[in-house]
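A.B. asks: Right, I'll just put the structure down here and ask away after.
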Amino acid sequence: MFHVEHFDRLEHTVTTIRRAELDRLAAIVAEPHEHALLLTGEPGSGKSTLLNGIHPDGYAVHRARVSASERDIPYSGLSAIAASFDDPAVANLSATLLARTGTAPAPSVAAAAFLTLLRAAGSSPGVLIIDDADLMDPESRAVLSMIAGRLGGTGLHLVAAMSSEQRADLLGAIPRFRLESLDADQSMHVASALTDHRADRAVRNIIVGAARGNARALAEIASRLSEEQLVRAAPIELPFRLSPASAETDVEPLIATLSSAHLHSAAAIGAEDPDALERLLSDGVVTRERGYVHLTDPVLRSRVYWSMPLDRRRLLHEQAELAERDHDAGLACWHASLRDQSSTAATTLAAAAARFAHAGHTWQAVELAERALAHGQPTGTLAAPLLDLASACFLHGEPAYAERYARWSRRTSPGHETHAPVSLIRVLSTFVATRRLSLDTPDYAMLVARGNEDAPQLTQLAAVHAERWEHAEASRLLDRAAAVRAPAPVEAPGPANLHDLVRMQVAALAGDAAPAKALIARIGGRHRPGTASTIELLMLGRSLTFLDRNHDARQALRAVLSAEPAPAPLLEEYARAYLTELEIRAGRQLEATALIERNRHARGRADHPLEQMLLAWRRLALGDVDLDIAELHRQFAFDDPAIAARLAVYQGQAALAEGRFDDAVAVLKTAAAAGAAFPNPSLLRYDVDLVEAYAATGRHEEALAQARDFARRAEPFATPWTRQAGARIAALLAPGEESLIAFDRALRLATPPDLMFERARTFMSWAERLAGLGRASEADEHRRAARAVFTQLGTVQWITRTEHARPVASSRPAHPVLSTLSDDERRVVDLVRQGLRNKEIAAMLYVSLRTVEVRLTRIYQRLGIGSRAQLISALAEAGAEPAVLPRSG
């Protein structure tokens with residue numbers, strides 16, 4: 001079992017992650033009328049931790065302790081419930097029930113007696129918490145089901161927990177709340193906390209993969225890892241030794257067989273017991289996957305496997321080895337490795353691991369590789385298959401595993417023949433996982449020093465710099481690679497090589513469209529697999545995005561995502577990320593959000609920096625006040641100017657949409673500082689936003705300076721966006737009536753489909769200028785036009801701004817303290833005074849419920865009050881109204 005300190009850390013971390021679920025339970029407990037709730041979830045999902053976090057103020061908490069050893073004693077469960085009450089009359093029921101063993105009353109009689117005692121004891125508020133209610137005896141479960149719907153007058157709220165939906169049927173129709181297993185991102189957070197942030201990403205991936213969202217298994221696994229395994233990449237025995245559960249000591253024979261490996265050939269298992277296999281498949285206990293079957297739950301596998309004695313495990317492996325010899329040599333060597341721990345067997349295991357990784361079976365590859373490394377002192381014969389495994393993991397979007405096995409490849413290699421390829425894998429894997437690219441590391445230095453021998457490695461380094469928008473460094477490496485690259489043979493043109501593709505992307509960064517046009521001409525404008533390779537389409541789509549050729553860029557990137565057979569997962573992830581960024585630039589929030597969700601669903605987690613950045617954009621666009629941008633910068637952006645600049649632009653645009661103009665200026669200035677290093681002004685698109693923020697805060701000289709800077713940088717780049725941006729900047733800076741002509745010109749330049757967001761923004765700024773000139777009717781008309789486009793695009797914050805664009809004059813003075821509040825906080829105050837609940841306010845303002853709660857908390861602190869009733873009373877006594885009221889556009 002795991003140590004106490006791991007349990008304490010687990011409970012704290014899971015309680016933090018489950019804050020939303022805990023808040024929901026607390027809200028149910030705080031309802032004025034008695035209520036019952038059944039919390040369901042698989043064993044280890046964190047139900048007990050959640051129940052332990054219920055401590056409502058002003059409520060007596062009764063925690064019933066249910067024992068599985070008493071499940072055959074009638075009313076033992078009800079006796080435990082009664083014993084949890086301090087009231088002697090109720091507690092005496094416990095002794096009465098146990099004393100009547102053999103002559104127990106009917107459940108209805110026991111339920112009536114219990115309810116009578118509760119009501120006689122008074123109706124002071126309390127909450128009864130019952131963990132593991134499914135372990136109670138049948139009679140107690142029947143009583144619990146009866147009293148759950150008859151709590152009126154008892155003052156008692158009931159929260160019970162059961163381990164599954166199927167068992168929940170034992171308690172009848174009590175309202176249910178299912179606690180889902182931790183998702184991959186939550187599990188990774190827990191794994192980090194449990195390992196005290198010492199384990200690297202690969203080790204945490206192994207922990208998370210083995211636990212599959214089971215919080216208790218996460219803690220148990222973390223406690224079993226040694227210091228060598230946590231911090232020095234020592235081999236890890238898989239499956240993990242998890243303590244067997246009592247219910248799994250006598251399991252179905254086929255499940256025992258399936259526990260002996262992660263994957264089994266479907267043909268081999270089907271031959272053993274086809275009926276049992278089909279039943280397990282239909283029940284979801286077993287999953288079929290491309291010719292293989294496996295137990296769906298790795299925790300079940302571990303517990304079953306280690307519950308069996310060694311002799312039985314050996315017998316299962318021997319039988320499975322014989323069965324797999326005719327189907328899968330890699331799995332046969334896995335089963336044979338229990339008895340054969342020679343260096344030859346280790347090399348065979350590592351080679352099989354690489355084959356599984358290339359086929360996309362990453363977890364089976366990891367298990368094989370870890371066993372290969374654990375077989376004594378790894379020899380040099382492991383270096384090549386481990387490097388092959390690292391490459392396969394990298395292409396399948398698992399950079400942490402790629403770095404782990406590349407490192408082991410170097411450890412096992414006696415010479416230097418694999419050191420350069422290993423260095424390349426390590427540099428690429430670290431970059432994909434963290435966006436870090438340190439020019440001082442030994443791996444990077446080795447690759448640059450060997451540049452005269454290996455042009456492809458220089459080209460791949462140049463691709464990394466291009467991804468960071470580092471034009472000069474990428475160009476320098478490409479020039480070095482070109483100097484040593486073998487000349488291409490004179491023949492019919494074929495697929496572009498990586499050097500030419502990277503050169504095309506670097507040219508696009510500087511606004512040079514010639515290489516991209518040449519590739520389009522070669523493939524005939526047909527952006528689909530077959531006419532071009534997947535990597536050509538991916539890099540062409542990215543380059544066209546930099547060149548504001550968005551329609552063609554979409555075609556190329558969508559072709560990558562629809563290719564058959566599917567490309568390597570890493571390429572798919574980048575294609576979807578690039579396409580999402582394109583839609584963000586176009587202001588198409590609905591499409592961008594759908595792509596983000598699709599990517600998370602496809603991967604099951606969001607751990608790469610590009611994904612994290614796009615998730616940050618989405619949260620900012622929804623007004624999420626809990627987003628920790630500083631943490632994102634610390635993790636991914638401090639060493640990557642492109643990521644840092646994009647995060648600043650997203651922050652600035654969100655602040656601008658919310659009317660926080662000073663905040664917008666502050667963060668957009670940081671984007672401008674980074675943007676000065678990028679030759680193409682289309683990359684960031686912060687200029688118009690910064691000019692608008694300057695103008696809104698009365699900083700006209702700085703707005704003019706920014707406008708001049710944009711004009712200088714944009715002069716060589718005549719794209720639809722740069723022309724429209726220049727026109728909108730001119731309109732924002734034009735005085736009085738002159739600006740109306742300028743806005744009309746900017747609007748006429750915003751007609752292409754990918755400039756609809758700019759069109760809506762132009763309408764919005766025009767409306768605000770008209771309102772300032774006293775032309776209210778025309779301002780309303782333009783504001784409605786802006787809102788229609790914003791609604792079509794799904795840009796939530798800008799829709800809200802159209803509704804609250806104008807302050808409404810008040811007939812009475814504002815409360816003195818309200819003058820210290822922001823516009824957003826004053827809008828919340830006004831809606832509270834209208835009697836709206838927090839959920840309704842969130843819907844009205846197009847923000848999250850959490851955002852409303854945070855703003856209310858700030859308001860209460862500034863006014864020195866503690867509730868919405870006190871807020872309404874204080875304002876009513878002052879005879880004041882808020883200074884800013886919401887108004888539909």
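Each chain of the structure tokens is named A, B, ... in the order shown, its residues numbered from 1; ligands are numbered from 1 in display order.
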Can you tell me, as a list in words, what residues are no more than 10 Å from Arg198 (chain A) when counting only C-alpha atoms, ignoring any on the same chain fewer than 4 positions away?
C.D. replies: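 Once the adjacent positions are removed, what remains is Ser192, Ala193, Leu194, Val203, Arg204, Glu227, Leu230, Val231 and Arg232 of chain A.
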A.B. asks: Hey, can you spit out that residue selection with C-alpha atoms as a PDB file, in the first residue's frame?
C.D. replies:
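Wrote out-v1.pdb, looks like this:
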ATOM      1  CA  SER A 192       3.493  15.811 -10.654  1.00  0.00           C
ATOM      2  CA  ALA A 193       2.366  16.574  -7.110  1.00  0.00           C
ATOM      3  CA  LEU A 194       2.803  12.989  -5.916  1.00  0.00           C
ATOM      4  CA  VAL A 203       7.985   8.866 -15.980  1.00  0.00           C
ATOM      5  CA  ARG A 204       4.830  10.868 -15.324  1.00  0.00           C
ATOM      6  CA  GLU A 227      14.690   7.537  -6.527  1.00  0.00           C
ATOM      7  CA  LEU A 230      11.998   8.964 -10.565  1.00  0.00           C
ATOM      8  CA  VAL A 231      14.960  11.136 -11.435  1.00  0.00           C
ATOM      9  CA  ARG A 232      17.538   9.021 -13.293  1.00  0.00           C
TER      10      ARG A 232
END
A.B. asks: I want to know what sits within 8 Å of Ala621 (chain A), based on only C-alpha atoms, with residues of the same chain fewer than 4 positions away left out; could you give that as a count of residues only?
C.D. replies: 5
A.B. asks: Apply DSSP to the structure's backbone, then extract all residues of region 632-669 of chain A labelled alpha helix (DSSP H) and return them as a list in words.
C.D. replies: Leu632, Pro641, Ala642, Ile643, Ala644, Ala645, Arg646, Leu647, Ala648, Val649, Tyr650, Gln651, Gly652, Gln653, Ala654, Ala655, Leu656, Ala657, Phe661, Asp662, Asp663, Ala664, Val665, Ala666, Val667, Leu668 and Lys669 of chain A
A.B. asks: By how many Å are CA of Pro298 (chain A) and CA of Asn599 (chain A) apart?
C.D. replies: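 Separation between CA of Pro298 (chain A) and CA of Asn599 (chain A): 23.8 Å.
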A.B. asks: Counting only C-alpha atoms, which residue out of A:Glu825, A:Ala346, A:Phe356, A:His12 sits closest to Thr381 (chain A)?
C.D. replies: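 Counting only C-alpha atoms, the residue closest to Thr381 (chain A) is A:Ala346.
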